[in-house]
Amino acid sequence: MCLSMDFLEGLNPRQKEAVAHVEGPLLVLAGAGSGKTRVITHRMAHLMAAHRVPGWAILAVTFTNKASGEMRDRVRTLITGNVAGADSLPTVATFHSFCVRLLRREGAPLAEVRPGFTPLFSIYDDDDQLSILKSVYRQLGLDEKFLAYRAALSRISHAKSHKETPEDLARNATDPVSTRLAVIYERYQTRLLESNALDFDDLLLEAVRLLAHDRLTREKLNRRYEFLMVDEYQDTNRSQYELMRLLSSERGNVAVVGDEDQSIYGWRGANIRNILDFERDFPGAKTIRLEQNYRSTKNILEAASAVVANNTERIGKWLWTESGAGEKVTLYEAPDAENEALWIADTIEAHLSRNPQDRAAVLYRTNAQSRQIEEALRRYGRKYVVVGGFSFYQRAEVKDVVAYLKALVSPQDSISLLRVINTPARGIGRTTVEQIEQYGLAHGLSLWAALERMLEERAFPARAEAALSGFHRMMSEMATGVESRPIAETLRAVLENTGYRTMLEEEGTQEAQGRLGNLDELLNAAVDASERGETVRDFLDHAALVSDADSVDERAPVSLLTMHNAKGLEFPVVFIAGLEEGLFPHSRSLDSEMGMEEERRLCYVGMTRAEKRLYVSWARSRRRYGGGQPEASIRSRFLQEVPPALLEKARGQRGQVDLYAEQHMVRETARKNLYTGKTYNSVENIRQFFAGGAQAAAPGAAKPAAVPHVVPRPVTPIRKKTGVGSTIEHVKYGRGTILKLEGSGEDAKVTVNFPGYGLKKLVAKYAGIKIE
DNA sequence: ACTAAACTATATTTC
DNA sequence: ATAGTTTAGT
């Protein structure tokens with residue numbers, strides 16, 4: 001009476017074959033839009049239903065939190081009620097979150113090879129990495145002219161992921177820069193060790209190290225995970241490859257899904273050879289090609305395929321589709337970048353007014369390109385969402401407050417402490433801080449330990465001493481019991497006790513108000529996290545591992561994003577802007593064939609995002625930055641690679657004059673209608689960063705209401721009694737109606753609409769609202 | 001010792 | 001355009 005459903009039904013023969021595969025290595029070459037997520041999820045369900053594999057014995061690894069959240073949801077939907085006796089779900093995680101979990105739970109043995117390591121390690125993001133590097137440079141008396149921070153970091157990262165120690169680097173160095181780099185690398189690594197911190201590379205590396213050296217842990221995991229699946233295999237790097245091998249070493253049941261034509265992260269260490277050489281690395285591997293595309297029209301598919309066909313590093317596929325030819329790819333040649341942006345906005349306007357249900361995306365090579373397009377859209381009063389760029393969690397105020405949390409949880413975390421020691425300004429100046437750093441360096445102490453020792457020794461002048469002992473006391477007080485206290489509680493204490501909130505309130509600028517809004521939203525996220533039972537650790541892990549791609553709201557009518565961020569997404573209407581030599585393909589990739597092929601793959605990724613309509617554009621002139629002179633540009637070679645028969649010039653070729661007139665008209669309308677377009681960094685998105693849990697996305701978790709409409713608005717405490725549906729008085733923003741009330745008492749969350757200011761979600765306790 | 005204004009060198013993509 | 005750094009002023 002088993003209600004096992006047939007998960008092979010409704011699949012094409014190739015997909016069926018992939019889903020039905022059970023034992024042994026499997027390579028699924030899944031072209032763009034060929035239903036690879038479907039294959040992965042169905043395979044998991046099929047294993048559970050037809051082969052009685054328990055969910056916990058399956059591990060699937062994806063690249064973004066968003067992808068793993070979606071995959072988890074889809075598997076859940078598939079098996080719920082359809083698979084008898086399925087009481088556990090497969091583990092779906094990103095490589096990074098999997099490693100973090102592993103290291104926190106089973107990482108203790110690493111202390112043997114990594115002195116001072118504890119499972120309470122901090123995670124350092126690139127900002128933190130940068131601070132370390134700056135400090136190392138200072139220590140070594142170097143400056144950026146010698147070697148740019150970014151360059152140094154990427155070389156360190158490269159060395160790390162190839163398991164090269166500073167000594168290896170020094171030995172193989174053939175030039176003075178490399179010799180010096182070895183020293184920088186050595187110091188950098190020492191700092192991480194001293195701070196008990198891991199950078200992104202370390203998360204993978206140390207997980208590999210743990211599994212390679214600790215037989216028990218390896219065997220335990222191998223026993224547990226009978227089946228391993230890896231999504232986006234073309235973007236795995238060496239550590240990820242090794243991790244995968246270690247996890248599947250006993251059974252060899254590893255299924256990888258990928259597309260060599262979509263390998264676009266070579267610069268981040270991804271090794272395209274992983275996918276190209278899979279059959280060699282895993283003898284007896286079965287290879288299945290998914291070549292039927294279900295996404296795009298024939299014209300779009302052929303155009304994209306024609307471009308990528310110019311690459312040599314391919315296994316080779318030819319995608320086909322049963323769908324109709326559709327429209328041709330529209331090409332627009334703009335006189336300059338502003339005109340290009342206006343044309344895009346204009347065309348979006350025209351398209352969406354005819355097809356209001358369609359979603360459009362504007363893709364570009366560099367984030368800097370978004371500005372002009374945003375401006376153009378704003379002139380039309382068209383709502384849009386920008387993905388990436390300056391995202392929420394990278395904002396200074398969020399990073400500051402998060403740094404406080406990190407410092408409280410891990411006193412050894414000197415980088416975080418350094419970040420907050422004089423933020424807000426509390427009279428602990430640069431010289432004082434440098435003294436403490438020096439002392440720490442000399443005595444092998446963390447910043448915090450050095451500070452304590454120096455206070456004991458009364459090593460500071462009176463003024464500094466007062467400031468420092470005050471700081472020390474404040475931090476110690478907040479740190480006690482931090483692991484057991486609700487996150488929001490600690491967060492609130494940080495905001496109040498450190499004077500951070502006061503600092504922003506006193507600033508009084510529009511910008512400061514926005515920052516306050518962001519912090520309120522962070523507080524909301526913290527409350528949500530507590531409700532999900534997360535510890536401060538979990539919260540911080542989450543904050544460290546969210547990515548821009550996780551914040552994509554597919555329901556947005558208009559999205560602006562880089563082609564990198566667009567991977568895995570699809571849109572009825574797609575624009576690709578800035579198809580110019582030097583921009584796309586980017587100038588940094590011009591000189592190497594490898595780089596050029598990656599750019600071409602990026603182009604392929606961009607084009608294949610489109611379902612119905614693809615527009616490509618370039619500008620004859622563009623200025624590199626602000627005051628610079630406009631420079632003439634040459635149309636991208638990728639445009640030449642599209643067969644002319646598939647291209648058509650933008651109809652009517654709206655000239656400058658039309659656009660110019662329109663621009664004025666539109667400006668007027670926008671002025672009258674009160675601009676509502678801007679959603680960039682909107683606080684509404686913030687919850688998503690934290691909500692789509694790396695660990696536990698709640699089933700059918702309510703996503704924040706569609707697309708944000710409003711610029712972040714200041715919120716000051718509301719001191720008035722409130723109830724559901726009633727009106728409350730806001731100190732600055734007047735009356736607002738409570739639209740929604742979640743929970744009760746001081747933990748209640750209310751959604752308030754302030755006319756003219758928009759929706760605001762508040763937590764009663766922290767906003768000073770009393771719910772009767 | 002800190003702040004604010006002036007100056008200058010600066011942009012690829014990001015887990 | 002903007003972030004980061006230097007300089008002058010408090």
# chains A, B, ... in the order shown; residues from 1 in each chain; ligands from 1
>>> select_by_dssp(residues="segment 100-263 of chain A", states="strand (DSSP E or B)", output="PDB file with all heavy atoms, in the first residue's frame")
ATOM      1  N   SER A 122      35.780  32.322  14.103  1.00  0.00           N
ATOM      2  CA  SER A 122      35.071  33.369  13.372  1.00  0.00           C
ATOM      3  C   SER A 122      35.264  33.144  11.880  1.00  0.00           C
ATOM      4  O   SER A 122      36.219  32.502  11.463  1.00  0.00           O
ATOM      5  CB  SER A 122      35.649  34.742  13.696  1.00  0.00           C
ATOM      6  OG  SER A 122      35.407  35.074  15.037  1.00  0.00           O
ATOM      7  N   ILE A 123      34.344  33.696  11.108  1.00  0.00           N
ATOM      8  CA  ILE A 123      34.499  33.643   9.653  1.00  0.00           C
ATOM      9  C   ILE A 123      34.854  35.043   9.175  1.00  0.00           C
ATOM     10  O   ILE A 123      34.158  35.997   9.490  1.00  0.00           O
ATOM     11  CB  ILE A 123      33.195  33.178   8.982  1.00  0.00           C
ATOM     12  CG1 ILE A 123      32.816  31.786   9.488  1.00  0.00           C
ATOM     13  CG2 ILE A 123      33.358  33.173   7.469  1.00  0.00           C
ATOM     14  CD1 ILE A 123      31.430  31.341   9.072  1.00  0.00           C
ATOM     15  N   TYR A 124      35.930  35.146   8.418  1.00  0.00           N
ATOM     16  CA  TYR A 124      36.343  36.444   7.911  1.00  0.00           C
ATOM     17  C   TYR A 124      35.950  36.601   6.444  1.00  0.00           C
ATOM     18  O   TYR A 124      36.336  35.787   5.605  1.00  0.00           O
ATOM     19  CB  TYR A 124      37.869  36.613   8.062  1.00  0.00           C
ATOM     20  CG  TYR A 124      38.279  37.064   9.449  1.00  0.00           C
ATOM     21  CD1 TYR A 124      37.334  37.266  10.455  1.00  0.00           C
ATOM     22  CD2 TYR A 124      39.614  37.309   9.756  1.00  0.00           C
ATOM     23  CE1 TYR A 124      37.703  37.683  11.716  1.00  0.00           C
ATOM     24  CE2 TYR A 124      40.004  37.731  11.024  1.00  0.00           C
ATOM     25  CZ  TYR A 124      39.039  37.918  11.998  1.00  0.00           C
ATOM     26  OH  TYR A 124      39.419  38.334  13.246  1.00  0.00           O
ATOM     27  N   ALA A 197      40.287  32.560  13.310  1.00  0.00           N
ATOM     28  CA  ALA A 197      39.355  32.903  12.244  1.00  0.00           C
ATOM     29  C   ALA A 197      39.693  32.130  10.979  1.00  0.00           C
ATOM     30  O   ALA A 197      40.841  31.774  10.752  1.00  0.00           O
ATOM     31  CB  ALA A 197      39.426  34.404  11.958  1.00  0.00           C
ATOM     32  N   LEU A 198      38.678  31.844  10.210  1.00  0.00           N
ATOM     33  CA  LEU A 198      38.868  31.190   8.920  1.00  0.00           C
ATOM     34  C   LEU A 198      38.344  32.113   7.831  1.00  0.00           C
ATOM     35  O   LEU A 198      37.284  32.712   7.988  1.00  0.00           O
ATOM     36  CB  LEU A 198      38.107  29.861   8.859  1.00  0.00           C
ATOM     37  CG  LEU A 198      38.363  28.802   9.936  1.00  0.00           C
ATOM     38  CD1 LEU A 198      37.573  27.541   9.622  1.00  0.00           C
ATOM     39  CD2 LEU A 198      39.840  28.472  10.039  1.00  0.00           C
ATOM     40  N   ASP A 199      39.075  32.217   6.744  1.00  0.00           N
ATOM     41  CA  ASP A 199      38.522  32.951   5.613  1.00  0.00           C
ATOM     42  C   ASP A 199      37.760  31.960   4.726  1.00  0.00           C
ATOM     43  O   ASP A 199      37.700  30.772   5.030  1.00  0.00           O
ATOM     44  CB  ASP A 199      39.615  33.713   4.848  1.00  0.00           C
ATOM     45  CG  ASP A 199      40.648  32.801   4.214  1.00  0.00           C
ATOM     46  OD1 ASP A 199      40.380  31.600   4.057  1.00  0.00           O
ATOM     47  OD2 ASP A 199      41.743  33.295   3.865  1.00  0.00           O
ATOM     48  N   PHE A 227      24.609   8.836  -0.982  1.00  0.00           N
ATOM     49  CA  PHE A 227      24.535   9.446  -2.311  1.00  0.00           C
ATOM     50  C   PHE A 227      24.883  10.927  -2.227  1.00  0.00           C
ATOM     51  O   PHE A 227      24.347  11.651  -1.397  1.00  0.00           O
ATOM     52  CB  PHE A 227      23.132   9.274  -2.899  1.00  0.00           C
ATOM     53  CG  PHE A 227      22.811   7.845  -3.194  1.00  0.00           C
ATOM     54  CD1 PHE A 227      22.179   7.053  -2.242  1.00  0.00           C
ATOM     55  CD2 PHE A 227      23.170   7.285  -4.415  1.00  0.00           C
ATOM     56  CE1 PHE A 227      21.901   5.723  -2.500  1.00  0.00           C
ATOM     57  CE2 PHE A 227      22.888   5.952  -4.686  1.00  0.00           C
ATOM     58  CZ  PHE A 227      22.258   5.163  -3.724  1.00  0.00           C
ATOM     59  N   LEU A 228      25.759  11.313  -3.123  1.00  0.00           N
ATOM     60  CA  LEU A 228      26.216  12.701  -3.140  1.00  0.00           C
ATOM     61  C   LEU A 228      25.872  13.321  -4.487  1.00  0.00           C
ATOM     62  O   LEU A 228      26.063  12.701  -5.537  1.00  0.00           O
ATOM     63  CB  LEU A 228      27.734  12.704  -2.927  1.00  0.00           C
ATOM     64  CG  LEU A 228      28.450  14.045  -2.943  1.00  0.00           C
ATOM     65  CD1 LEU A 228      27.929  14.929  -1.824  1.00  0.00           C
ATOM     66  CD2 LEU A 228      29.956  13.819  -2.773  1.00  0.00           C
ATOM     67  N   MET A 229      25.355  14.530  -4.451  1.00  0.00           N
ATOM     68  CA  MET A 229      25.078  15.234  -5.703  1.00  0.00           C
ATOM     69  C   MET A 229      25.681  16.623  -5.645  1.00  0.00           C
ATOM     70  O   MET A 229      25.619  17.297  -4.624  1.00  0.00           O
ATOM     71  CB  MET A 229      23.577  15.348  -5.922  1.00  0.00           C
ATOM     72  CG  MET A 229      22.944  14.029  -6.268  1.00  0.00           C
ATOM     73  SD  MET A 229      21.257  14.273  -6.787  1.00  0.00           S
ATOM     74  CE  MET A 229      20.530  12.949  -5.855  1.00  0.00           C
ATOM     75  N   VAL A 230      26.261  17.034  -6.754  1.00  0.00           N
ATOM     76  CA  VAL A 230      26.854  18.356  -6.814  1.00  0.00           C
ATOM     77  C   VAL A 230      26.279  19.119  -7.999  1.00  0.00           C
ATOM     78  O   VAL A 230      26.337  18.666  -9.134  1.00  0.00           O
ATOM     79  CB  VAL A 230      28.390  18.278  -6.965  1.00  0.00           C
ATOM     80  CG1 VAL A 230      28.996  19.674  -6.987  1.00  0.00           C
ATOM     81  CG2 VAL A 230      28.997  17.457  -5.843  1.00  0.00           C
ATOM     82  N   ASN A 237      35.985  24.386  -7.358  1.00  0.00           N
ATOM     83  CA  ASN A 237      37.429  24.589  -7.357  1.00  0.00           C
ATOM     84  C   ASN A 237      38.093  23.336  -6.802  1.00  0.00           C
ATOM     85  O   ASN A 237      37.438  22.331  -6.533  1.00  0.00           O
ATOM     86  CB  ASN A 237      37.808  25.839  -6.566  1.00  0.00           C
ATOM     87  CG  ASN A 237      37.446  25.732  -5.097  1.00  0.00           C
ATOM     88  OD1 ASN A 237      37.274  24.650  -4.551  1.00  0.00           O
ATOM     89  ND2 ASN A 237      37.343  26.876  -4.455  1.00  0.00           N
ATOM     90  N   VAL A 254      28.559   9.332  -6.734  1.00  0.00           N
ATOM     91  CA  VAL A 254      28.570  10.777  -6.845  1.00  0.00           C
ATOM     92  C   VAL A 254      28.004  11.185  -8.198  1.00  0.00           C
ATOM     93  O   VAL A 254      28.423  10.705  -9.236  1.00  0.00           O
ATOM     94  CB  VAL A 254      29.997  11.329  -6.612  1.00  0.00           C
ATOM     95  CG1 VAL A 254      30.996  10.680  -7.534  1.00  0.00           C
ATOM     96  CG2 VAL A 254      30.031  12.833  -6.787  1.00  0.00           C
ATOM     97  N   ALA A 255      26.991  12.019  -8.123  1.00  0.00           N
ATOM     98  CA  ALA A 255      26.378  12.511  -9.360  1.00  0.00           C
ATOM     99  C   ALA A 255      26.638  13.998  -9.464  1.00  0.00           C
ATOM    100  O   ALA A 255      26.306  14.739  -8.543  1.00  0.00           O
ATOM    101  CB  ALA A 255      24.879  12.240  -9.339  1.00  0.00           C
ATOM    102  N   VAL A 256      27.261  14.412 -10.537  1.00  0.00           N
ATOM    103  CA  VAL A 256      27.499  15.840 -10.703  1.00  0.00           C
ATOM    104  C   VAL A 256      26.707  16.348 -11.898  1.00  0.00           C
ATOM    105  O   VAL A 256      26.524  15.644 -12.874  1.00  0.00           O
ATOM    106  CB  VAL A 256      28.999  16.170 -10.878  1.00  0.00           C
ATOM    107  CG1 VAL A 256      29.807  15.611  -9.723  1.00  0.00           C
ATOM    108  CG2 VAL A 256      29.529  15.662 -12.202  1.00  0.00           C
ATOM    109  N   VAL A 257      26.228  17.558 -11.740  1.00  0.00           N
ATOM    110  CA  VAL A 257      25.433  18.161 -12.790  1.00  0.00           C
ATOM    111  C   VAL A 257      26.069  19.487 -13.138  1.00  0.00           C
ATOM    112  O   VAL A 257      26.386  20.273 -12.250  1.00  0.00           O
ATOM    113  CB  VAL A 257      23.987  18.402 -12.310  1.00  0.00           C
ATOM    114  CG1 VAL A 257      23.137  18.965 -13.436  1.00  0.00           C
ATOM    115  CG2 VAL A 257      23.396  17.111 -11.789  1.00  0.00           C
ATOM    116  N   GLY A 258      26.295  19.714 -14.394  1.00  0.00           N
ATOM    117  CA  GLY A 258      26.918  20.980 -14.755  1.00  0.00           C
ATOM    118  C   GLY A 258      26.921  21.204 -16.239  1.00  0.00           C
ATOM    119  O   GLY A 258      26.407  20.406 -17.015  1.00  0.00           O
TER     120      GLY A 258
END
>>> closest_atom_pairs(of="chain A", to="chain B", cutoff="10 Å", atoms="only C-alpha atoms (C1' of nucleotides)", output="tab-separated table")
residue	atom	partner	partner_atom	distance
A:Phe63	CA	B:DC15	C1'	7.6
A:Thr64	CA	B:DC15	C1'	7.8
A:Thr94	CA	B:DC15	C1'	9.1
A:Phe95	CA	B:DC15	C1'	8.8
A:His96	CA	B:DC15	C1'	7.4
A:Asp125	CA	B:DC15	C1'	9.8
A:Asp126	CA	B:DT14	C1'	9.6
A:Phe200	CA	B:DC15	C1'	7.3
A:Asp201	CA	B:DC15	C1'	9.1
A:Ile264	CA	B:DT13	C1'	8.4
A:Tyr265	CA	B:DT13	C1'	7.8
A:Gly266	CA	B:DT13	C1'	9.8
A:Trp267	CA	B:DT13	C1'	7.9
A:Arg268	CA	B:DT14	C1'	7.5
A:Arg365	CA	B:DT13	C1'	7.4
A:Thr366	CA	B:DT12	C1'	6.1
A:Asn367	CA	B:DT12	C1'	8.5
A:Ala368	CA	B:DA11	C1'	7.8
A:Gly388	CA	B:DT14	C1'	9.8
A:Ala425	CA	B:DC2	C1'	8.6
A:Arg426	CA	B:DC2	C1'	9.9
A:Gly427	CA	B:DA1	C1'	7.5
A:Ile428	CA	B:DA1	C1'	8.4
A:Gly429	CA	B:DA1	C1'	6.2
A:Arg430	CA	B:DA1	C1'	8.4
A:Thr431	CA	B:DA1	C1'	8.7
A:Thr432	CA	B:DA1	C1'	9.7
A:Leu545	CA	B:DC15	C1'	7.6
A:Val546	CA	B:DC15	C1'	8.8
A:Ser547	CA	B:DC15	C1'	7.3
A:Asp548	CA	B:DT14	C1'	8.7
A:Ala549	CA	B:DT14	C1'	9.8
A:Thr562	CA	B:DT13	C1'	8.1
A:Met563	CA	B:DT13	C1'	8.5
A:His564	CA	B:DT13	C1'	6.5
A:Asn565	CA	B:DT13	C1'	9.0
A:Leu583	CA	B:DT12	C1'	9.0
A:Phe584	CA	B:DT12	C1'	9.9
A:His586	CA	B:DT12	C1'	7.2
A:Ser587	CA	B:DT12	C1'	8.9
A:Arg588	CA	B:DT12	C1'	7.7
A:Ser589	CA	B:DT12	C1'	9.3
A:Glu599	CA	B:DT13	C1'	9.8
A:Leu602	CA	B:DT13	C1'	9.7
A:Arg624	CA	B:DA11	C1'	8.9
A:Tyr625	CA	B:DA11	C1'	8.6
>>> closest_atom_pairs(of="chain A", to="chain C", cutoff="12 Å", atoms="only C-alpha atoms (C1' of nucleotides)", output="Markdown table")
| residue | atom | partner | partner_atom | distance |
| --- | --- | --- | --- | --- |
| A:Glu144 | CA | C:DG4 | C1' | 11.9 |
| A:Ala368 | CA | C:DA1 | C1' | 9.8 |
| A:Arg371 | CA | C:DA1 | C1' | 10.2 |
| A:Gln372 | CA | C:DA1 | C1' | 11.8 |
| A:Arg623 | CA | C:DA1 | C1' | 11.7 |
| A:Arg624 | CA | C:DA1 | C1' | 10.4 |
| A:Tyr625 | CA | C:DA1 | C1' | 6.8 |
| A:Gly626 | CA | C:DA1 | C1' | 5.3 |
| A:Gly627 | CA | C:DA1 | C1' | 8.4 |
| A:Gly628 | CA | C:DA1 | C1' | 10.5 |
>>> atom_distance(atom1="atom CA of Glu9 of chain A", atom2="atom CA of Thr608 of chain A")
26.4 Å
>>> atom_distance(atom1="atom CA of Thr312 of chain A", atom2="atom CA of Arg245 of chain A")
27.4 Å
>>> atom_distance(atom1="atom CA of Gly389 of chain A", atom2="atom CA of Val573 of chain A")
21.8 Å
